[in-house]
>>> print(open('upload26.txt').read())   # compact mmCIF, C-alpha atoms
# COMPACT_ATOMS: atom_id res chain seq x y z
CA MET A 1 -85.43 80.42 112.85
CA SER A 2 -82.75 83.10 113.19
CA GLN A 3 -83.21 85.61 116.01
CA ASP A 4 -82.51 88.36 113.48
CA ILE A 5 -85.81 87.67 111.78
CA LYS A 6 -88.43 90.22 112.82
CA LYS A 7 -91.73 88.80 114.03
CA ILE A 8 -94.54 91.11 113.01
CA GLY A 9 -98.22 90.95 113.85
CA ILE A 10 -100.84 92.81 111.81
CA ILE A 11 -104.09 93.13 113.75
CA GLY A 12 -106.87 93.61 111.23
CA GLY A 13 -107.20 92.47 107.64
CA GLY A 14 -109.01 95.49 106.26
CA ALA A 15 -107.57 97.93 103.72
CA ALA A 16 -104.68 99.14 105.89
CA GLY A 17 -103.81 95.63 107.09
CA LEU A 18 -103.87 94.10 103.61
CA PHE A 19 -101.82 96.96 102.17
CA ALA A 20 -99.25 96.57 104.96
CA ALA A 21 -99.06 92.81 104.37
CA CYS A 22 -98.56 93.34 100.64
CA LEU A 23 -95.81 95.88 101.22
CA PHE A 24 -94.00 93.54 103.60
CA LYS A 25 -93.95 90.94 100.82
CA LYS A 26 -92.80 93.51 98.26
CA PHE A 27 -89.95 94.99 100.30
CA SER A 28 -88.82 92.38 102.81
CA GLY A 29 -87.41 89.64 100.60
CA ASP A 30 -86.80 86.15 101.95
CA GLY A 31 -85.84 85.60 105.56
CA ILE A 32 -86.07 89.18 106.85
CA CYS A 33 -89.41 89.00 108.65
CA ASP A 34 -92.10 86.62 109.78
CA VAL A 35 -95.53 88.25 109.31
CA THR A 36 -98.83 87.09 110.79
CA LEU A 37 -102.09 88.79 109.87
CA LEU A 38 -104.95 88.28 112.35
CA GLU A 39 -108.47 88.92 111.06
CA LYS A 40 -111.62 88.44 113.10
CA ASN A 41 -113.91 87.87 110.10
CA GLU A 42 -114.04 84.67 108.07
CA ILE A 43 -112.30 86.53 105.22
CA PRO A 44 -110.13 89.67 105.07
CA GLY A 45 -111.25 92.89 103.40
CA LYS A 46 -114.96 92.62 104.14
CA LYS A 47 -115.41 96.39 104.25
CA LEU A 48 -113.03 96.94 101.34
CA ILE A 49 -115.50 95.31 98.94
CA LEU A 50 -118.02 98.08 99.73
CA THR A 51 -115.73 100.93 98.71
CA GLY A 52 -116.61 103.02 95.69
CA HIS A 53 -120.12 101.53 95.75
CA GLY A 54 -118.57 98.14 95.08
CA ARG A 55 -116.21 99.43 92.37
CA CYS A 56 -113.26 100.36 94.67
CA ASN A 57 -112.14 103.98 94.30
CA ILE A 58 -108.49 103.10 94.90
CA THR A 59 -107.00 106.59 95.06
CA ASN A 60 -107.24 110.14 93.75
CA ARG A 61 -104.67 111.41 91.25
CA LYS A 62 -104.08 114.81 92.79
CA PRO A 63 -100.66 116.11 93.91
CA ALA A 64 -99.96 115.59 97.61
CA SER A 65 -100.14 119.33 98.35
CA GLU A 66 -103.71 119.39 97.02
CA LEU A 67 -104.69 115.93 98.20
CA LYS A 68 -103.95 116.71 101.84
CA THR A 69 -106.74 119.31 102.00
CA GLY A 70 -109.24 116.45 101.82
CA TYR A 71 -108.28 115.20 105.29
CA HIS A 72 -109.73 118.11 107.28
CA GLU A 73 -107.88 118.73 110.56
CA ALA A 74 -105.43 115.89 109.83
CA ASP A 75 -104.05 117.53 106.67
CA ASN A 76 -100.60 118.31 108.08
CA PHE A 77 -100.38 114.95 109.85
CA ILE A 78 -101.07 112.92 106.71
CA TYR A 79 -98.93 115.04 104.38
CA PRO A 80 -95.57 113.24 104.92
CA ALA A 81 -97.24 109.90 104.21
CA ILE A 82 -99.00 110.88 100.98
CA LYS A 83 -95.94 112.82 99.84
CA GLU A 84 -93.62 109.84 100.29
CA PHE A 85 -96.02 107.22 98.94
CA GLY A 86 -98.64 109.01 96.87
CA PRO A 87 -101.30 108.20 94.28
CA GLU A 88 -98.80 107.43 91.50
CA ASP A 89 -97.08 104.89 93.76
CA THR A 90 -100.42 103.29 94.61
CA ILE A 91 -101.42 103.10 90.95
CA SER A 92 -98.05 101.56 90.08
CA PHE A 93 -98.39 98.97 92.84
CA ILE A 94 -101.94 98.00 91.87
CA GLU A 95 -101.03 97.69 88.19
CA ASN A 96 -97.52 96.25 88.30
CA ASP A 97 -97.52 94.17 91.47
CA ILE A 98 -101.16 93.22 91.95
CA GLY A 99 -101.82 93.00 88.22
CA LEU A 100 -105.00 95.08 87.93
CA LYS A 101 -105.23 97.83 85.32
CA THR A 102 -106.67 101.14 86.45
CA LYS A 103 -108.59 104.01 84.88
CA GLU A 104 -109.16 107.64 85.77
CA GLU A 105 -112.65 109.11 86.05
CA ASP A 106 -114.02 112.54 86.96
CA ASN A 107 -112.38 114.54 89.74
CA ASN A 108 -109.14 112.53 89.39
CA ARG A 109 -110.68 109.37 90.89
CA ILE A 110 -108.86 106.12 90.10
CA PHE A 111 -110.77 102.83 89.76
CA PRO A 112 -109.75 99.37 88.58
CA VAL A 113 -110.78 98.73 84.98
CA CYS A 114 -112.70 95.68 86.21
CA ASP A 115 -114.94 97.94 88.37
CA SER A 116 -114.90 95.32 91.11
CA ALA A 117 -113.87 95.99 94.70
CA ALA A 118 -114.22 92.26 95.39
CA ARG A 119 -111.64 91.50 92.72
CA VAL A 120 -109.27 94.08 94.23
CA ARG A 121 -109.67 92.41 97.63
CA ASP A 122 -109.16 88.94 96.16
CA SER A 123 -106.06 90.10 94.29
CA LEU A 124 -104.51 91.56 97.45
CA VAL A 125 -105.22 88.33 99.36
CA SER A 126 -103.76 86.24 96.54
CA TYR A 127 -100.65 88.42 96.42
CA ILE A 128 -99.72 87.64 100.03
CA ALA A 129 -100.77 83.99 99.94
CA GLY A 130 -97.90 81.69 100.86
CA SER A 131 -95.62 84.50 102.01
CA MET A 132 -97.12 84.94 105.47
CA LYS A 133 -99.71 83.50 107.83
CA THR A 134 -103.23 84.87 107.44
CA ILE A 135 -105.39 83.64 110.31
CA CYS A 136 -109.11 84.41 110.05
CA ASN A 137 -111.86 84.06 112.67
CA SER A 138 -109.28 85.37 115.16
CA LYS A 139 -110.58 88.35 117.10
CA VAL A 140 -107.83 89.89 119.21
CA LEU A 141 -108.95 90.16 122.82
CA ASP A 142 -105.85 91.61 124.45
CA ILE A 143 -102.47 93.09 123.69
CA ARG A 144 -99.65 93.46 126.21
CA LYS A 145 -96.12 94.75 125.87
CA ASP A 146 -93.13 93.62 127.91
CA SER A 147 -89.89 92.76 126.15
CA SER A 148 -92.12 91.80 123.21
CA PHE A 149 -95.83 91.96 122.41
CA GLU A 150 -98.19 89.27 123.63
CA VAL A 151 -101.35 89.27 121.51
CA SER A 152 -104.22 87.06 122.68
CA THR A 153 -107.18 85.68 120.77
CA ALA A 154 -109.79 83.25 122.11
CA ASP A 155 -107.75 80.34 120.75
CA GLU A 156 -104.11 81.29 120.98
CA LYS A 157 -101.42 83.69 122.18
CA TYR A 158 -98.86 85.15 119.80
CA ASN A 159 -95.56 86.88 120.46
CA PHE A 160 -94.35 89.63 118.16
CA ASP A 161 -91.48 92.09 118.02
CA TYR A 162 -93.68 94.62 116.24
CA VAL A 163 -97.43 95.09 116.01
CA ILE A 164 -99.45 97.06 113.46
CA LEU A 165 -102.86 97.94 114.89
CA CYS A 166 -105.35 98.54 112.08
CA CYS A 167 -108.65 96.81 112.78
CA GLY A 168 -110.85 99.68 111.62
CA GLY A 169 -113.09 102.26 113.18
CA SER A 170 -116.76 101.98 114.19
CA SER A 171 -118.54 102.58 110.88
CA PHE A 172 -120.43 99.75 109.16
CA PRO A 173 -119.97 97.44 112.19
CA GLN A 174 -121.56 94.55 110.27
CA THR A 175 -118.28 94.37 108.29
CA GLY A 176 -116.27 93.93 111.48
CA SER A 177 -115.44 97.58 112.17
CA ALA A 178 -116.88 97.54 115.67
CA GLY A 179 -114.38 99.64 117.62
CA ASP A 180 -111.77 96.94 118.31
CA SER A 181 -108.94 99.33 117.42
CA TYR A 182 -110.10 101.78 120.08
CA ARG A 183 -110.43 99.08 122.71
CA LEU A 184 -106.95 97.71 122.02
CA ALA A 185 -105.38 101.17 121.74
CA GLY A 186 -106.89 102.04 125.10
CA LYS A 187 -105.30 98.93 126.62
CA THR A 188 -101.90 100.22 125.50
CA GLY A 189 -102.50 103.61 127.13
CA HIS A 190 -103.54 105.65 124.11
CA THR A 191 -106.07 108.45 124.12
CA VAL A 192 -109.08 107.69 121.93
CA ILE A 193 -111.12 110.61 120.58
CA THR A 194 -114.78 109.58 120.84
CA PRO A 195 -115.78 108.26 117.38
CA ARG A 196 -118.64 109.73 115.38
CA ALA A 197 -120.01 109.40 111.86
CA ALA A 198 -118.30 110.84 108.80
CA LEU A 199 -119.26 110.39 105.14
CA ALA A 200 -122.78 109.53 106.23
CA PRO A 201 -126.29 110.10 104.83
CA VAL A 202 -128.44 112.51 106.81
CA LYS A 203 -132.03 111.94 107.93
CA ALA A 204 -134.32 114.94 107.48
CA ASP A 205 -137.09 116.22 109.71
CA GLU A 206 -140.65 115.20 108.84
CA GLU A 207 -141.45 118.71 107.65
CA SER A 208 -138.70 118.57 105.03
CA LEU A 209 -139.51 114.99 104.05
CA SER A 210 -142.84 116.16 102.66
CA PHE A 211 -141.05 117.42 99.55
CA LEU A 212 -137.83 115.36 99.66
CA LYS A 213 -139.76 112.09 99.27
CA ASN A 214 -141.12 113.30 95.94
CA LEU A 215 -137.55 113.81 94.70
CA SER A 216 -136.07 110.50 95.85
CA GLY A 217 -133.30 109.40 93.48
CA VAL A 218 -132.83 112.85 91.89
CA SER A 219 -129.43 114.54 92.17
CA VAL A 220 -128.46 118.19 91.79
CA ALA A 221 -125.29 120.23 91.91
CA SER A 222 -125.52 122.41 94.99
CA ARG A 223 -123.70 124.40 97.59
CA VAL A 224 -124.55 122.85 100.96
CA SER A 225 -124.25 124.92 104.14
CA LEU A 226 -124.78 123.68 107.68
CA PHE A 227 -126.42 126.03 110.17
CA CYS A 228 -126.51 125.56 113.94
CA ASN A 229 -128.49 127.99 116.07
CA GLY A 230 -128.91 130.16 112.99
CA LYS A 231 -125.15 130.45 112.35
CA LYS A 232 -123.37 128.93 109.36
CA THR A 233 -120.80 126.47 110.68
CA ALA A 234 -119.66 124.64 107.52
CA SER A 235 -120.12 124.72 103.76
CA THR A 236 -119.15 122.65 100.72
CA GLU A 237 -120.16 122.20 97.11
CA GLY A 238 -120.93 119.15 94.99
CA GLU A 239 -123.61 116.64 94.10
CA VAL A 240 -126.61 116.23 96.43
CA LEU A 241 -128.87 113.20 96.15
CA PHE A 242 -132.43 113.43 97.44
CA ALA A 243 -133.73 110.35 99.24
CA GLU A 244 -136.88 109.18 100.99
CA PHE A 245 -135.18 109.56 104.37
CA GLY A 246 -133.43 112.87 103.65
CA LEU A 247 -130.21 113.72 101.85
CA THR A 248 -127.11 111.90 100.70
CA GLY A 249 -124.59 112.26 97.86
CA PRO A 250 -120.94 113.40 97.99
CA ALA A 251 -121.53 116.97 99.22
CA VAL A 252 -123.92 116.00 102.02
CA MET A 253 -121.76 113.07 103.11
CA GLU A 254 -118.68 115.29 103.20
CA ILE A 255 -120.32 117.87 105.45
CA SER A 256 -122.07 115.27 107.64
CA ARG A 257 -119.00 115.07 109.90
CA GLU A 258 -119.69 118.64 111.03
CA ILE A 259 -123.14 117.91 112.46
CA PRO A 260 -122.85 118.06 116.27
CA ARG A 261 -123.05 114.81 118.19
CA ASP A 262 -125.95 116.16 120.26
CA ILE A 263 -128.29 118.26 118.13
CA SER A 264 -130.93 118.84 120.82
CA ASP A 265 -129.68 122.35 121.61
CA CYS A 266 -128.51 123.60 118.23
CA ASP A 267 -131.47 123.23 115.81
CA PRO A 268 -129.31 122.21 112.82
CA TYR A 269 -130.42 122.49 109.23
CA PHE A 270 -128.94 122.43 105.75
CA GLU A 271 -129.33 125.26 103.30
CA LEU A 272 -129.05 124.23 99.65
CA ASP A 273 -128.04 126.73 96.99
CA LEU A 274 -129.30 125.11 93.79
CA VAL A 275 -127.67 127.74 91.58
CA PRO A 276 -124.18 127.91 93.11
CA ALA A 277 -122.55 129.38 90.00
CA LEU A 278 -124.55 132.62 90.34
CA THR A 279 -124.86 135.09 93.18
CA GLU A 280 -128.36 135.93 94.31
CA GLU A 281 -128.21 139.24 92.43
CA GLN A 282 -126.92 137.58 89.25
CA PHE A 283 -129.60 134.91 89.39
CA ASP A 284 -132.29 137.54 90.00
CA ARG A 285 -131.21 139.53 86.92
CA GLU A 286 -131.00 136.43 84.74
CA PHE A 287 -134.34 135.13 85.96
CA GLN A 288 -136.01 138.49 85.32
CA LYS A 289 -134.72 138.43 81.75
CA LEU A 290 -136.06 134.91 81.23
CA ILE A 291 -139.46 136.01 82.53
CA GLY A 292 -139.47 138.98 80.20
CA ASP A 293 -138.38 136.96 77.19
CA HIS A 294 -140.86 134.12 77.72
CA PRO A 295 -144.15 135.62 78.96
CA ASP A 296 -146.25 132.60 77.90
CA THR A 297 -144.05 130.03 79.64
CA LYS A 298 -144.82 128.42 83.01
CA ILE A 299 -142.44 129.33 85.80
CA THR A 300 -141.68 125.66 86.45
CA THR A 301 -140.44 125.35 82.86
CA LEU A 302 -138.11 128.31 83.30
CA LEU A 303 -136.77 126.92 86.58
CA ALA A 304 -136.06 123.63 84.82
CA ARG A 305 -133.27 125.41 82.96
CA TYR A 306 -131.34 125.40 86.23
CA VAL A 307 -132.43 122.19 87.97
CA PRO A 308 -134.14 118.91 86.97
CA ALA A 309 -137.82 119.32 86.12
CA SER A 310 -138.94 117.41 89.20
CA VAL A 311 -136.91 119.70 91.44
CA ALA A 312 -138.25 122.76 89.63
CA GLY A 313 -141.79 121.55 90.31
CA GLU A 314 -141.16 121.10 94.05
CA ILE A 315 -139.42 124.48 94.30
CA ALA A 316 -142.35 126.17 92.56
CA THR A 317 -144.79 124.43 94.90
CA LYS A 318 -142.85 125.53 98.00
CA ALA A 319 -142.80 129.09 96.66
CA GLY A 320 -146.52 128.95 95.89
CA VAL A 321 -146.04 129.65 92.16
CA SER A 322 -146.48 126.24 90.57
CA ASP A 323 -149.50 127.24 88.46
CA LEU A 324 -148.19 130.64 87.39
CA TYR A 325 -146.85 131.79 84.03
CA ALA A 326 -144.11 134.36 83.44
CA GLN A 327 -146.63 136.96 82.35
CA GLY A 328 -147.89 138.72 85.44
CA PHE A 329 -145.25 137.16 87.68
CA THR A 330 -144.88 139.66 90.53
CA LYS A 331 -141.80 140.88 92.34
CA ASP A 332 -143.00 139.07 95.47
CA ASN A 333 -143.44 135.84 93.48
CA ARG A 334 -139.93 136.23 92.15
CA ARG A 335 -138.48 136.92 95.61
CA LYS A 336 -140.06 133.76 97.06
CA THR A 337 -138.92 131.63 94.13
CA ILE A 338 -135.34 132.90 94.25
CA ASN A 339 -135.25 132.33 98.00
CA GLU A 340 -136.21 128.67 97.56
CA MET A 341 -133.66 128.21 94.78
CA LYS A 342 -130.80 129.84 96.69
CA HIS A 343 -131.76 129.05 100.30
CA LEU A 344 -133.66 125.76 100.26
CA LYS A 345 -133.93 124.75 103.91
CA VAL A 346 -133.74 121.09 104.97
CA LEU A 347 -134.25 120.44 108.67
CA ILE A 348 -132.03 117.74 110.22
CA TYR A 349 -133.87 115.14 112.27
CA ARG A 350 -130.89 113.63 114.08
CA GLU A 351 -127.12 113.34 113.95
CA PRO A 352 -125.84 110.87 111.33
CA SER A 353 -125.74 107.22 112.33
CA ILE A 354 -122.29 105.71 112.70
CA ASP A 355 -123.79 102.41 111.53
CA LYS A 356 -124.43 103.96 108.12
CA ALA A 357 -121.24 106.03 107.90
CA TYR A 358 -118.53 105.04 105.44
CA VAL A 359 -115.74 106.21 107.74
CA THR A 360 -115.28 107.26 111.35
CA ARG A 361 -114.30 110.65 112.65
CA GLY A 362 -112.35 110.11 115.87
CA GLY A 363 -109.92 107.45 117.03
CA VAL A 364 -106.41 107.39 118.45
CA SER A 365 -105.12 110.90 119.08
CA LEU A 366 -102.66 112.00 116.40
CA LYS A 367 -100.52 113.61 119.09
CA GLU A 368 -99.55 110.11 120.19
CA VAL A 369 -98.36 108.89 116.76
CA ASP A 370 -95.26 109.89 114.79
CA ARG A 371 -96.53 111.14 111.42
CA LYS A 372 -93.27 110.22 109.64
CA THR A 373 -93.31 106.55 110.68
CA MET A 374 -96.83 105.85 112.07
CA ARG A 375 -95.04 104.63 115.19
CA SER A 376 -96.72 105.06 118.56
CA ARG A 377 -95.04 107.68 120.73
CA LEU A 378 -96.15 105.75 123.83
CA VAL A 379 -95.41 102.10 123.02
CA PRO A 380 -92.17 101.20 121.20
CA GLY A 381 -92.78 98.76 118.34
CA LEU A 382 -96.48 99.60 117.98
CA TYR A 383 -97.76 101.20 114.75
CA ILE A 384 -101.31 102.50 114.25
CA LEU A 385 -102.96 102.84 110.83
CA GLY A 386 -106.21 103.50 109.02
CA GLU A 387 -109.48 104.24 110.75
CA ALA A 388 -107.93 103.38 114.09
CA LEU A 389 -106.52 106.92 113.89
CA ASP A 390 -108.39 110.19 114.20
CA ILE A 391 -108.24 110.73 110.43
CA ASP A 392 -111.10 110.82 107.96
CA GLY A 393 -110.90 111.89 104.35
CA ILE A 394 -113.54 113.06 101.93
CA SER A 395 -114.94 110.63 99.36
CA GLY A 396 -113.08 110.09 96.12
CA GLY A 397 -110.22 107.71 96.97
CA TYR A 398 -108.80 109.70 99.87
CA ASN A 399 -109.34 107.15 102.63
CA LEU A 400 -107.84 104.18 100.78
CA GLN A 401 -104.84 106.30 99.77
CA ALA A 402 -104.30 107.22 103.42
CA CYS A 403 -104.26 103.53 104.33
CA MET A 404 -101.73 102.76 101.62
CA SER A 405 -99.45 105.69 102.48
CA GLU A 406 -99.55 105.01 106.22
CA ALA A 407 -98.84 101.31 105.63
CA TYR A 408 -95.82 102.23 103.54
CA LEU A 409 -94.34 104.42 106.29
CA ALA A 410 -94.86 101.71 108.92
CA VAL A 411 -93.39 98.91 106.78
CA LYS A 412 -90.44 101.09 105.78
CA ASP A 413 -89.69 101.93 109.42
CA ILE A 414 -89.97 98.35 110.67
CA LEU A 415 -87.73 97.03 107.89
CA GLY A 416 -85.26 99.89 108.29
CA LEU A 417 -85.46 100.88 104.63
>>> encode(input="upload26.txt", output="structure tokens")
Amino acid sequence: MSQDIKKIGIIGGGAAGLFAACLFKKFSGDGICDVTLLEKNEIPGKKLILTGHGRCNITNRKPASELKTGYHEADNFIYPAIKEFGPEDTISFIENDIGLKTKEEDNNRIFPVCDSAARVRDSLVSYIAGSMKTICNSKVLDIRKDSSFEVSTADEKYNFDYVILCCGGSSFPQTGSAGDSYRLAGKTGHTVITPRAALAPVKADEESLSFLKNLSGVSVASRVSLFCNGKKTASTEGEVLFAEFGLTGPAVMEISREIPRDISDCDPYFELDLVPALTEEQFDREFQKLIGDHPDTKITTLLARYVPASVAGEIATKAGVSDLYAQGFTKDNRRKTINEMKHLKVLIYREPSIDKAYVTRGGVSLKEVDRKTMRSRLVPGLYILGEALDIDGISGGYNLQACMSEAYLAVKDILGL
């Protein structure tokens, strides 16, 4: 084999690793590089098949300038990547190279027409088959750098000119994301921001569960605000799904990353505004008019114009007005009802579990990675991608797009394109 051929090791066969492998095949041609993908599971892409609730939300068709706002504190870091290889590039690759047609759904979300994350995974694996070595059941135990990289598994040692480290974060550890990236990054001298849950369901306090359990499976559009020690610390808007254990749904999962790691001293709770389109004053005026126009109607029926009937019933019960009709409805009754509709309080029992989180907040410090190449600033030849980095996006295709864009920058830099 010619010494000019670049030997490349990809540690981790999740979304970022598979995307990088596919892009090496697409752009390298014959004889330019020798790629080996090491995956500790029996098959690659184990976590990928869970994305989009099993349907695989591949990307989000927003312009890069708008898309970047979904990556929280990492917005400026990720911008060069999603600008250079954005959603349209991902869609083109999935359709033209992988051979899967896509479709656009609400909020610019892109899914495969087949609605199967497993088929997306299988198609990526098939695409690289025969063009590189994919070695499964190979957990990387150590990585050392001298003149080249020595990567050790339980069975073998490999030597590479370049290494892409992308073996996930700590969320859903049963899929293999058990913190290996952090351990290996630490061995190479990188700073690892302590991981915590992001995009996670939230368990409610027993007091709040008394009414949440009755609404399990019901969703509402709501503004969700997080309060710690009585002060609002974060807010977002979207769908909230009530559950037997507490709250989930896109809005709750998005804001879950803001819940402090230790909640013992901050008394956190959510406040749900179930009529986010109206201010409190506007809602009060509109509700008064409804009461005046429908004197023989139960209050729960009037509330059901704004929220599902089951939610209206629970709100009326909490406000102590469930048996009342509009006629004779007092100002105090109205005040209590409006307060529950606009300031529904849900006490948080504990910080979200990283085992149930879809992504990890935390990881390798972005200060130690070049955002234009994904190259480590500390270790020449090392590239760090995906959840190994301190980047987490909101739901809706953001996290898979980050993996694809980061993989493109790394592959482009290694190949000198």
>>> closest_residue(input="upload26.txt", among="A:Ile263, A:Val151, A:Val163, A:Ala74", to="Glu351 in chain A", atoms="all atoms listed in the file")
A:Ile263
>>> residues_around(input="upload26.txt", residues="range 283-290 of chain A", least_positions_apart="6", cutoff="8 Å", atoms="all atoms listed in the file", output="number ranges by chain")
A: 275, 302, 338
>>> atom_distance(input="upload26.txt", atom1="CA of Arg183 in chain A", atom2="CA of Arg377 in chain A")
17.7 Å
>>> residues_near_point(input="upload26.txt", point="(-110.4, 92.9, 98.3)", cutoff="12 Å", atoms="all atoms listed in the file", output="PyMOL selection string")
chain A and resi 13-19+43-51+54-58+94+98+100+112+116-127+400
>>> closest_residue(input="upload26.txt", among="A:Leu415, A:Ala204, A:Tyr325, A:Ser405", to="Gly31 in chain A", atoms="all atoms listed in the file")
A:Leu415
